[in-house]
file structure02.txt (compact mmCIF, C-alpha atoms (C1' of nucleotides))
# COMPACT_ATOMS: atom_id res chain seq x y z
CA MET A 1 -8.92 62.84 -12.99
CA PRO A 2 -10.04 63.77 -9.56
CA ARG A 3 -9.19 66.00 -6.75
CA LYS A 4 -6.74 65.08 -4.00
CA PRO A 5 -7.49 65.38 -0.30
CA SER A 6 -6.25 68.65 1.17
CA PHE A 7 -5.16 67.05 4.45
CA ASP A 8 -2.32 64.84 5.58
CA ARG A 9 -3.87 61.70 6.99
CA ASP A 10 -0.88 60.95 9.21
CA VAL A 11 -1.00 64.36 10.83
CA LEU A 12 -4.72 63.94 11.46
CA ILE A 13 -4.17 60.61 13.21
CA ASP A 14 -1.51 62.21 15.41
CA GLN A 15 -3.88 65.00 16.36
CA ALA A 16 -6.65 62.53 17.10
CA ARG A 17 -4.29 60.43 19.23
CA ASP A 18 -3.36 63.50 21.28
CA LEU A 19 -6.98 64.39 21.86
CA PHE A 20 -8.04 60.86 22.74
CA TRP A 21 -5.00 60.43 24.95
CA LYS A 22 -5.80 63.57 26.93
CA GLN A 23 -9.60 63.43 27.05
CA GLY A 24 -10.37 59.76 26.68
CA TRP A 25 -12.99 58.11 24.51
CA ALA A 26 -16.24 59.52 25.89
CA GLY A 27 -14.59 62.84 26.68
CA THR A 28 -13.78 63.42 23.04
CA SER A 29 -16.84 64.22 20.96
CA MET A 30 -17.12 64.28 17.20
CA LYS A 31 -17.43 68.04 17.51
CA ASP A 32 -14.08 68.12 19.31
CA LEU A 33 -12.51 66.02 16.58
CA GLU A 34 -14.02 68.09 13.77
CA LYS A 35 -12.66 71.24 15.32
CA ALA A 36 -9.18 69.86 16.08
CA LEU A 37 -8.75 68.10 12.74
CA LYS A 38 -10.59 70.83 10.82
CA LEU A 39 -12.74 68.25 9.09
CA LYS A 40 -16.47 68.42 8.43
CA PRO A 41 -18.45 65.25 9.19
CA GLY A 42 -18.56 64.17 5.56
CA SER A 43 -14.80 64.32 5.11
CA PHE A 44 -14.23 62.72 8.47
CA TYR A 45 -16.36 59.70 7.70
CA ALA A 46 -14.95 59.40 4.21
CA ALA A 47 -11.44 59.38 5.63
CA PHE A 48 -11.84 57.21 8.72
CA GLY A 49 -15.22 55.49 8.68
CA SER A 50 -16.14 56.12 12.28
CA LYS A 51 -14.98 57.58 15.55
CA GLY A 52 -14.06 54.11 16.73
CA ALA A 53 -11.98 53.30 13.66
CA LEU A 54 -9.97 56.47 14.19
CA PHE A 55 -9.52 55.60 17.84
CA GLU A 56 -8.03 52.27 16.80
CA LEU A 57 -5.62 54.01 14.47
CA ALA A 58 -4.70 56.36 17.31
CA LEU A 59 -4.03 53.42 19.62
CA ASP A 60 -1.79 51.77 17.03
CA ARG A 61 0.05 55.01 16.46
CA TYR A 62 0.51 55.51 20.18
CA ALA A 63 1.83 52.00 20.76
CA ALA A 64 4.19 52.13 17.81
CA ALA A 65 5.71 55.39 19.01
CA GLY A 66 6.22 54.00 22.49
CA ALA A 67 7.89 50.84 21.25
CA ALA A 68 10.11 52.85 18.90
CA ARG A 69 11.17 55.16 21.70
CA LEU A 70 12.17 52.25 23.90
CA SER A 71 14.03 50.48 21.12
CA ALA A 72 15.93 53.64 20.24
CA LEU A 73 16.90 54.05 23.87
CA ALA A 74 18.14 50.47 24.01
CA ASP A 75 20.24 51.01 20.89
CA GLU A 76 21.77 54.03 22.53
CA VAL A 77 22.49 52.88 26.08
CA GLY A 78 21.98 49.13 26.00
CA ALA A 79 19.26 46.92 27.43
CA PHE A 80 19.90 47.55 31.12
CA GLY A 81 20.51 51.27 30.56
CA ALA A 82 17.25 51.57 28.67
CA LEU A 83 15.29 49.91 31.46
CA LYS A 84 16.96 52.21 33.98
CA HIS A 85 16.37 55.42 32.04
CA TYR A 86 12.92 54.73 30.63
CA PRO A 87 10.94 55.79 33.75
CA ALA A 88 12.68 59.17 33.86
CA LEU A 89 12.26 59.53 30.12
CA LEU A 90 8.51 59.09 30.53
CA MET A 91 8.42 61.80 33.17
CA ASP A 92 10.42 64.12 30.94
CA MET A 93 7.84 64.10 28.17
CA THR A 94 6.41 67.42 29.29
CA ALA A 95 4.90 68.20 25.90
CA ALA A 96 2.80 65.03 25.91
CA PRO A 97 -0.99 65.40 26.11
CA ALA A 98 -1.05 63.40 29.35
CA ARG A 99 1.31 61.61 31.70
CA ALA A 100 -0.74 58.46 32.11
CA CYS A 101 -0.47 55.68 29.55
CA MET A 102 -3.14 55.93 26.86
CA LEU A 103 -3.39 52.14 26.72
CA SER A 104 -4.14 51.75 30.40
CA LYS A 105 -6.56 54.67 30.31
CA THR A 106 -8.37 52.95 27.46
CA VAL A 107 -8.57 49.62 29.26
CA LEU A 108 -9.94 51.27 32.38
CA GLU A 109 -12.49 53.39 30.58
CA LEU A 110 -13.67 51.01 27.90
CA LYS A 111 -13.50 47.52 29.37
CA THR A 112 -17.24 47.47 30.03
CA GLN A 113 -18.42 49.81 27.26
CA GLU A 114 -16.34 49.12 24.16
CA ALA A 115 -14.78 45.72 24.57
CA ALA A 116 -13.16 45.69 21.13
CA LEU A 117 -11.22 48.90 21.70
CA ALA A 118 -10.22 47.83 25.20
CA ALA A 119 -9.00 44.51 23.82
CA LYS A 120 -6.85 46.28 21.26
CA ALA A 121 -5.31 48.39 24.02
CA GLU A 122 -4.65 45.24 26.04
CA GLU A 123 -2.90 43.68 23.06
CA HIS A 124 -0.55 46.61 22.83
CA LEU A 125 0.16 46.47 26.56
CA GLN A 126 1.00 42.80 26.18
CA ARG A 127 3.32 43.57 23.28
CA MET A 128 5.02 46.26 25.33
CA GLU A 129 5.52 43.83 28.19
CA ALA A 130 7.11 41.35 25.80
CA LEU A 131 9.52 44.09 24.80
CA PHE A 132 10.40 44.70 28.44
CA GLU A 133 10.94 40.99 28.90
CA ALA A 134 13.34 40.86 25.96
CA LEU A 135 15.32 43.73 27.44
CA PHE A 136 15.50 42.06 30.84
CA ARG A 137 16.71 38.89 29.15
CA ARG A 138 19.41 40.80 27.30
CA ALA A 139 20.41 42.59 30.48
CA GLN A 140 20.74 39.21 32.11
CA GLN A 141 22.92 37.91 29.28
CA ASN A 142 25.07 41.02 29.58
CA GLY A 143 25.60 40.29 33.27
CA ASP A 144 23.73 43.37 34.51
CA ILE A 145 21.06 41.24 36.14
CA GLY A 146 21.60 38.00 38.04
CA THR A 147 20.58 34.73 36.41
CA GLY A 148 18.35 33.83 39.33
CA HIS A 149 15.59 36.18 38.23
CA ASP A 150 12.76 35.33 35.87
CA PRO A 151 12.58 37.82 33.00
CA THR A 152 8.82 37.29 32.67
CA ALA A 153 8.24 38.18 36.30
CA LEU A 154 10.62 41.15 36.06
CA ALA A 155 8.80 42.48 33.02
CA ARG A 156 5.40 42.04 34.66
CA ARG A 157 6.54 43.96 37.72
CA TYR A 158 8.28 46.63 35.65
CA GLN A 159 5.18 47.19 33.54
CA SER A 160 3.06 47.45 36.66
CA ASP A 161 5.49 49.92 38.22
CA LEU A 162 5.43 52.09 35.12
CA LEU A 163 1.64 52.08 34.99
CA GLY A 164 1.57 53.12 38.64
CA LEU A 165 4.14 55.82 38.05
CA ARG A 166 2.17 57.22 35.16
CA VAL A 167 -1.12 57.20 37.02
CA SER A 168 0.61 58.94 39.92
CA ALA A 169 1.96 61.49 37.47
CA GLU A 170 -1.62 62.60 36.71
CA ARG A 171 -2.00 63.60 40.35
CA LEU A 172 -1.01 66.95 41.76
CA GLY A 173 1.74 67.27 44.31
CA VAL A 174 3.40 63.93 43.67
CA ASP A 175 7.17 64.02 43.22
CA THR A 176 7.20 61.91 40.09
CA ASP A 177 10.92 62.33 39.48
CA ALA A 178 11.65 60.81 42.86
CA LEU A 179 9.22 58.03 42.06
CA ALA A 180 10.92 57.36 38.72
CA GLN A 181 14.29 57.28 40.48
CA ASP A 182 12.92 54.81 43.02
CA ILE A 183 11.82 52.47 40.28
CA ALA A 184 15.13 52.72 38.45
CA ALA A 185 17.06 52.21 41.67
CA GLY A 186 15.15 49.01 42.25
CA LEU A 187 16.77 47.53 39.16
CA ASP A 188 20.21 47.81 40.73
CA ARG A 189 19.13 45.39 43.43
CA LEU A 190 18.83 42.68 40.78
CA ALA A 191 22.58 42.53 40.14
CA ASP A 192 22.89 39.15 41.83
CA MET B 1 -48.25 63.97 58.50
CA PRO B 2 -46.47 62.76 55.40
CA ARG B 3 -45.24 59.72 53.71
CA LYS B 4 -41.80 58.23 54.24
CA PRO B 5 -39.42 57.34 51.40
CA SER B 6 -39.63 53.69 50.48
CA PHE B 7 -35.91 53.33 49.85
CA ASP B 8 -32.80 53.10 52.01
CA ARG B 9 -30.56 55.97 50.94
CA ASP B 10 -27.41 54.21 52.16
CA VAL B 11 -28.12 51.14 50.07
CA LEU B 12 -28.76 53.34 47.04
CA ILE B 13 -25.41 55.07 47.44
CA ASP B 14 -23.67 51.70 47.66
CA GLN B 15 -25.36 50.54 44.48
CA ALA B 16 -24.43 53.76 42.71
CA ARG B 17 -20.82 53.42 43.89
CA ASP B 18 -20.63 49.91 42.45
CA LEU B 19 -21.99 51.06 39.11
CA PHE B 20 -19.75 54.11 38.89
CA TRP B 21 -16.76 52.09 40.02
CA LYS B 22 -17.29 49.50 37.31
CA GLN B 23 -18.47 51.67 34.44
CA GLY B 24 -17.00 55.06 35.19
CA TRP B 25 -18.66 58.45 34.98
CA ALA B 26 -19.57 58.71 31.31
CA GLY B 27 -20.21 54.99 31.07
CA THR B 28 -22.98 55.23 33.64
CA SER B 29 -26.09 56.92 32.29
CA MET B 30 -29.06 58.17 34.24
CA LYS B 31 -31.02 55.35 32.69
CA ASP B 32 -28.50 52.87 34.13
CA LEU B 33 -28.84 54.46 37.55
CA GLU B 34 -32.63 54.55 37.41
CA LYS B 35 -32.72 50.88 36.57
CA ALA B 36 -30.13 49.79 39.17
CA LEU B 37 -31.53 51.94 41.97
CA LYS B 38 -35.14 51.42 40.90
CA LEU B 39 -35.81 55.13 41.08
CA LYS B 40 -37.74 57.23 38.63
CA PRO B 41 -36.13 60.54 37.65
CA GLY B 42 -38.30 62.56 40.00
CA SER B 43 -37.36 60.53 43.07
CA PHE B 44 -33.73 60.44 42.02
CA TYR B 45 -33.40 64.19 41.78
CA ALA B 46 -35.38 64.72 44.97
CA ALA B 47 -33.02 62.36 46.78
CA PHE B 48 -29.64 63.33 45.34
CA GLY B 49 -29.94 66.54 43.34
CA SER B 50 -27.90 65.45 40.35
CA LYS B 51 -25.82 62.68 38.87
CA GLY B 52 -22.69 64.52 39.95
CA ALA B 53 -23.83 64.91 43.55
CA LEU B 54 -24.45 61.18 43.78
CA PHE B 55 -21.05 60.49 42.25
CA GLU B 56 -19.45 62.57 45.00
CA LEU B 57 -21.32 60.60 47.63
CA ALA B 58 -20.16 57.40 45.95
CA LEU B 59 -16.54 58.59 46.00
CA ASP B 60 -16.79 59.43 49.70
CA ARG B 61 -18.35 56.08 50.43
CA TYR B 62 -15.65 54.27 48.45
CA ALA B 63 -12.81 56.09 50.18
CA ALA B 64 -14.27 55.61 53.64
CA ALA B 65 -14.62 51.87 53.08
CA GLY B 66 -11.05 51.60 51.85
CA ALA B 67 -9.64 53.48 54.80
CA ALA B 68 -11.72 51.45 57.23
CA ARG B 69 -10.52 48.20 55.68
CA LEU B 70 -6.90 49.21 56.04
CA SER B 71 -7.34 50.41 59.62
CA ALA B 72 -9.08 47.20 60.58
CA LEU B 73 -6.23 45.22 59.08
CA ALA B 74 -3.69 47.27 61.01
CA ASP B 75 -5.59 46.65 64.26
CA GLU B 76 -5.48 42.97 63.52
CA VAL B 77 -1.92 42.36 62.35
CA GLY B 78 -0.08 45.57 63.17
CA ALA B 79 1.26 48.34 60.95
CA PHE B 80 3.89 46.37 59.09
CA GLY B 81 1.64 43.34 58.74
CA ALA B 82 -1.12 45.49 57.30
CA LEU B 83 1.21 46.98 54.70
CA LYS B 84 2.41 43.51 53.77
CA HIS B 85 -1.04 41.95 53.48
CA TYR B 86 -2.93 44.83 51.92
CA PRO B 87 -1.89 44.16 48.29
CA ALA B 88 -3.05 40.53 48.49
CA LEU B 89 -6.22 41.63 50.24
CA LEU B 90 -7.01 43.93 47.32
CA MET B 91 -6.53 41.08 44.88
CA ASP B 92 -8.78 38.86 46.99
CA MET B 93 -11.79 41.14 46.67
CA THR B 94 -13.28 39.04 43.92
CA ALA B 95 -16.80 40.30 44.52
CA ALA B 96 -15.80 43.91 43.93
CA PRO B 97 -17.20 45.66 40.85
CA ALA B 98 -13.69 46.24 39.52
CA ARG B 99 -10.09 45.60 40.46
CA ALA B 100 -8.76 49.06 39.65
CA CYS B 101 -9.03 51.84 42.20
CA MET B 102 -12.15 53.94 41.66
CA LEU B 103 -10.28 57.07 42.74
CA SER B 104 -7.55 56.68 40.14
CA LYS B 105 -10.10 55.77 37.48
CA THR B 106 -11.93 58.97 38.32
CA VAL B 107 -8.80 61.11 38.14
CA LEU B 108 -7.85 59.63 34.78
CA GLU B 109 -11.30 59.96 33.27
CA LEU B 110 -12.43 63.28 34.67
CA LYS B 111 -9.34 65.45 35.00
CA THR B 112 -10.14 67.35 31.83
CA GLN B 113 -13.94 67.02 31.85
CA GLU B 114 -15.14 67.36 35.44
CA ALA B 115 -12.41 69.01 37.41
CA ALA B 116 -14.41 69.18 40.64
CA LEU B 117 -15.05 65.44 40.77
CA ALA B 118 -11.46 64.64 39.82
CA ALA B 119 -10.23 66.97 42.56
CA LYS B 120 -12.37 65.18 45.13
CA ALA B 121 -10.90 61.85 44.02
CA GLU B 122 -7.40 63.31 44.31
CA GLU B 123 -8.15 64.45 47.85
CA HIS B 124 -9.12 60.95 48.83
CA LEU B 125 -5.97 59.52 47.24
CA GLN B 126 -3.93 62.01 49.24
CA ARG B 127 -5.72 61.01 52.43
CA MET B 128 -5.05 57.36 51.68
CA GLU B 129 -1.37 58.10 51.13
CA ALA B 130 -1.24 59.87 54.49
CA LEU B 131 -2.64 56.73 56.04
CA PHE B 132 0.08 54.65 54.39
CA GLU B 133 2.68 57.08 55.67
CA ALA B 134 1.40 56.76 59.22
CA LEU B 135 1.62 52.98 58.97
CA PHE B 136 5.18 53.14 57.63
CA ARG B 137 6.09 55.44 60.51
CA ARG B 138 4.59 53.04 63.03
CA ALA B 139 6.35 50.11 61.38
CA GLN B 140 9.58 52.05 61.73
CA GLN B 141 8.94 52.69 65.41
CA ASN B 142 8.21 49.02 65.88
CA GLY B 143 11.58 48.16 64.37
CA ASP B 144 10.13 46.44 61.30
CA ILE B 145 11.60 49.07 58.99
CA GLY B 146 15.02 50.69 59.29
CA THR B 147 15.20 54.30 60.47
CA GLY B 148 17.12 55.36 57.40
CA HIS B 149 14.03 55.38 55.21
CA ASP B 150 11.71 58.33 54.71
CA PRO B 151 8.09 57.37 55.47
CA THR B 152 6.80 59.96 53.01
CA ALA B 153 8.85 58.47 50.19
CA LEU B 154 7.87 54.95 51.20
CA ALA B 155 4.17 55.85 51.19
CA ARG B 156 4.46 57.57 47.83
CA ARG B 157 6.09 54.51 46.31
CA TYR B 158 3.68 52.13 48.00
CA GLN B 159 0.68 54.04 46.73
CA SER B 160 2.11 54.07 43.24
CA ASP B 161 2.80 50.34 43.39
CA LEU B 162 -0.76 49.64 44.47
CA LEU B 163 -2.21 51.78 41.70
CA GLY B 164 -0.06 49.91 39.20
CA LEU B 165 -1.06 46.57 40.66
CA ARG B 166 -4.74 47.46 40.44
CA VAL B 167 -4.49 48.73 36.89
CA SER B 168 -2.67 45.53 35.96
CA ALA B 169 -5.45 43.57 37.62
CA GLU B 170 -7.91 44.92 35.04
CA ARG B 171 -5.87 43.26 32.33
CA LEU B 172 -6.30 39.69 31.23
CA GLY B 173 -3.58 37.12 31.71
CA VAL B 174 -1.62 38.98 34.35
CA ASP B 175 -0.67 36.97 37.40
CA THR B 176 -1.82 39.55 39.90
CA ASP B 177 -1.20 37.35 42.93
CA ALA B 178 2.45 37.07 41.98
CA LEU B 179 2.52 40.82 41.47
CA ALA B 180 0.98 41.43 44.89
CA GLN B 181 3.54 39.08 46.42
CA ASP B 182 6.34 40.96 44.68
CA ILE B 183 5.19 44.24 46.16
CA ALA B 184 4.85 42.75 49.64
CA ALA B 185 8.25 41.10 49.38
CA GLY B 186 9.78 44.48 48.57
CA LEU B 187 8.84 45.66 52.05
CA ASP B 188 11.08 43.04 53.63
CA ARG B 189 14.09 44.66 52.02
CA LEU B 190 13.47 47.77 54.14
CA ALA B 191 14.43 46.02 57.39
CA ASP B 192 17.66 47.95 57.69
C1' DA C 1 -63.29 60.09 57.02
C1' DA C 2 -61.20 64.56 55.71
C1' DC C 3 -57.01 66.92 55.21
C1' DT C 4 -52.32 67.85 54.63
C1' DT C 5 -47.83 66.73 53.38
C1' DT C 6 -44.58 64.09 51.01
C1' DC C 7 -43.33 60.61 47.78
C1' DT C 8 -43.82 58.49 43.24
C1' DT C 9 -44.61 58.50 38.46
C1' DG C 10 -43.55 59.23 33.60
C1' DA C 11 -44.14 62.24 29.82
C1' DG C 12 -41.37 65.46 27.86
C1' DC C 13 -37.68 69.32 27.80
C1' DG C 14 -33.59 71.27 25.18
C1' DA C 15 -29.01 69.81 24.29
C1' DT C 16 -25.85 66.88 22.46
C1' DC C 17 -24.46 62.34 20.71
C1' DA C 18 -22.45 59.83 16.32
C1' DT C 19 -23.69 59.55 11.74
C1' DT C 20 -25.73 60.20 6.87
C1' DC C 21 -26.28 62.21 2.51
C1' DA C 22 -27.32 65.21 -1.23
C1' DA C 23 -25.66 69.30 -3.25
C1' DG C 24 -21.84 72.25 -4.44
C1' DA C 25 -16.82 73.18 -5.08
C1' DT C 26 -12.49 71.76 -6.90
C1' DT C 27 -9.10 69.60 -9.79
C1' DA C 28 -7.15 66.31 -13.10
C1' DT C 29 -7.83 64.26 -17.59
C1' DA C 30 -9.49 64.39 -22.32
C1' DT D 1 -12.74 73.98 -22.30
C1' DA D 2 -15.83 70.21 -21.39
C1' DT D 3 -16.13 66.15 -18.61
C1' DA D 4 -15.50 63.05 -14.99
C1' DA D 5 -14.01 61.96 -10.56
C1' DT D 6 -13.35 63.07 -5.88
C1' DC D 7 -13.45 66.20 -2.07
C1' DT D 8 -15.94 69.50 0.84
C1' DT D 9 -19.83 71.25 3.01
C1' DG D 10 -23.50 71.55 6.46
C1' DA D 11 -28.24 70.66 7.21
C1' DA D 12 -30.68 67.00 9.12
C1' DT D 13 -31.26 62.22 11.19
C1' DG D 14 -32.81 59.35 15.18
C1' DA D 15 -30.99 58.20 19.55
C1' DT D 16 -29.61 59.33 23.87
C1' DC D 17 -27.94 62.68 27.27
C1' DG D 18 -29.09 64.84 32.12
C1' DC D 19 -32.89 66.87 34.00
C1' DT D 20 -37.78 69.23 35.09
C1' DC D 21 -42.29 69.30 36.59
C1' DA D 22 -47.15 68.63 37.07
C1' DA D 23 -50.33 65.21 38.34
C1' DG D 24 -51.56 61.15 41.00
C1' DA D 25 -50.73 57.83 44.93
C1' DA D 26 -49.84 57.01 49.74
C1' DA D 27 -49.46 57.78 54.63
C1' DG D 28 -49.59 60.36 59.00
C1' DT D 29 -52.59 63.79 61.70
C1' DT D 30 -56.96 65.50 63.18

call {"tool": "encode", "arguments": {"input": "structure02.txt", "output": "structure tokens"}}
result
Amino acid sequence: MPRKPSFDRDVLIDQARDLFWKQGWAGTSMKDLEKALKLKPGSFYAAFGSKGALFELALDRYAAAGAARLSALADEVGAFGALKHYPALLMDMTAAPARACMLSKTVLELKTQEAALAAKAEEHLQRMEALFEALFRRAQQNGDIGTGHDPTALARRYQSDLLGLRVSAERLGVDTDALAQDIAAGLDRLAD
Amino acid sequence: MPRKPSFDRDVLIDQARDLFWKQGWAGTSMKDLEKALKLKPGSFYAAFGSKGALFELALDRYAAAGAARLSALADEVGAFGALKHYPALLMDMTAAPARACMLSKTVLELKTQEAALAAKAEEHLQRMEALFEALFRRAQQNGDIGTGHDPTALARRYQSDLLGLRVSAERLGVDTDALAQDIAAGLDRLAD
DNA sequence: AACTTTCTTGAGCGATCATTCAAGATTATA
DNA sequence: TATAATCTTGAATGATCGCTCAAGAAAGTT
């Protein structure tokens, strides 16, 4: 009977994620979104409900892509190899809208203003850390990491290191490749 | 001849710094500032010129306090001791408006929206890193750190670790004391 | 007390914020 | 081709944004 939407919802969410990732929540106005997604207000609100609802979708999309990338890397080079290469991989994403992690940016910006969105970002960070922990545990079982170390503590530190690396990567004049190498090299010291 | 201002400008800048630190640039409205500083718009603009000008003053104030705190610590326990204790000291500042670094928050939020303010925050981060480098160099001269290490690289990594620690400290359920200990313990592995 | 200078006050500016909604355009079914 | 259903459009909403400015209050000098 009716007419079908002329846009691809998935593509729109990707575009929104890129904009939010780069410019943040407050830095991205509805006007920005309308222009980037080529949607008039009416269509926008029919499709997504609100700016906040779209931001949530963007967060989910972002987190899913990150987890998929890490899992793919682990399938390719193993648990320990993935942990070692992941920092450099993050620094190699030159086409990305920003170097810093969108989840951490969201927590920092929205903790006091939009608690629900910040909480969703925190959830995803926690899920990511659980993924790191699983990899550390596998690396330990494979004999790449000594049994004396606590995978939970390793994952916590690794996550923190990555967040620091990615914040540093937003700065000018920081040798982020050297920094990524430093972090990776630290993993070798866990052999026993 | 005239009347004197009824407020203490220094106190006002401190209050503004706390608000900006906690809520960020966009998250802090003029109304918020007027209420916190108890200043009507006219007085505010007579005293500071603009929201942005006050933000710059707040950044300067923040950076100066951080540098002073580190220097004082170094005077007390020496270069290496200061580097070792500083992470825990940051986590002990429970009265602070936020755990994350205001400079990194500013860079992340304002890089695309307010380049001038972000650049000023970057400057302060750079200055802080130079301070770390000087401490690493002194620690090396004192024999606490082996001569094989590059102080510039050590400072870069240390700064990144601290930024990661302080971002992690904004999250819920992260054992930040353990994280701070981890970072400090890493310095002991530089003895040779 | 009169005068001068500065500070304080708050109404109000244009711009922009996210959002709504009614009218018009488009397409699939009957 | 007529009808029904959905999509598209953009003007308009009230709220809030950072900021201006003229008028009134206060304090130091004479």

call {"tool": "atom_distance", "arguments": {"input": "structure02.txt", "atom1": "CA of Phe20 (chain A)", "atom2": "CA of Gly52 (chain A)"}}
result
10.9 Å

call {"tool": "interface_residues", "arguments": {"input": "structure02.txt", "of": "chain A", "to": "chain B", "cutoff": "7 Å", "atoms": "only C-alpha atoms", "output": "ChimeraX atom specification"}}
result
/A:23-24,26-27,105,108-109,112-113,122,157,160-161,163-165,168,171,179

call {"tool": "closest_residue", "arguments": {"input": "structure02.txt", "among": "A:Asp60, A:Asp32, A:Asp188, A:Glu129", "to": "chain C", "atoms": "all atoms listed in the file"}}
result
A:Asp32

call {"tool": "interface_residues", "arguments": {"input": "structure02.txt", "of": "chain C", "to": "chain B", "cutoff": "9 Å", "atoms": "all atoms listed in the file", "output": "ChimeraX atom specification"}}
result
/C:4-10

call {"tool": "atom_distance", "arguments": {"input": "structure02.txt", "atom1": "CA of Leu190 (chain A)", "atom2": "CA of Tyr86 (chain A)"}}
result
16.8 Å

call {"tool": "atom_distance", "arguments": {"input": "structure02.txt", "atom1": "CA of Asp177 (chain A)", "atom2": "CA of Leu89 (chain A)"}}
result
9.9 Å

call {"tool": "closest_residue", "arguments": {"input": "structure02.txt", "among": "B:Ala58, B:Leu103, B:Ala63, B:Leu33", "to": "chain D", "atoms": "only C-alpha atoms (C1' of nucleotides)"}}
result
B:Leu33
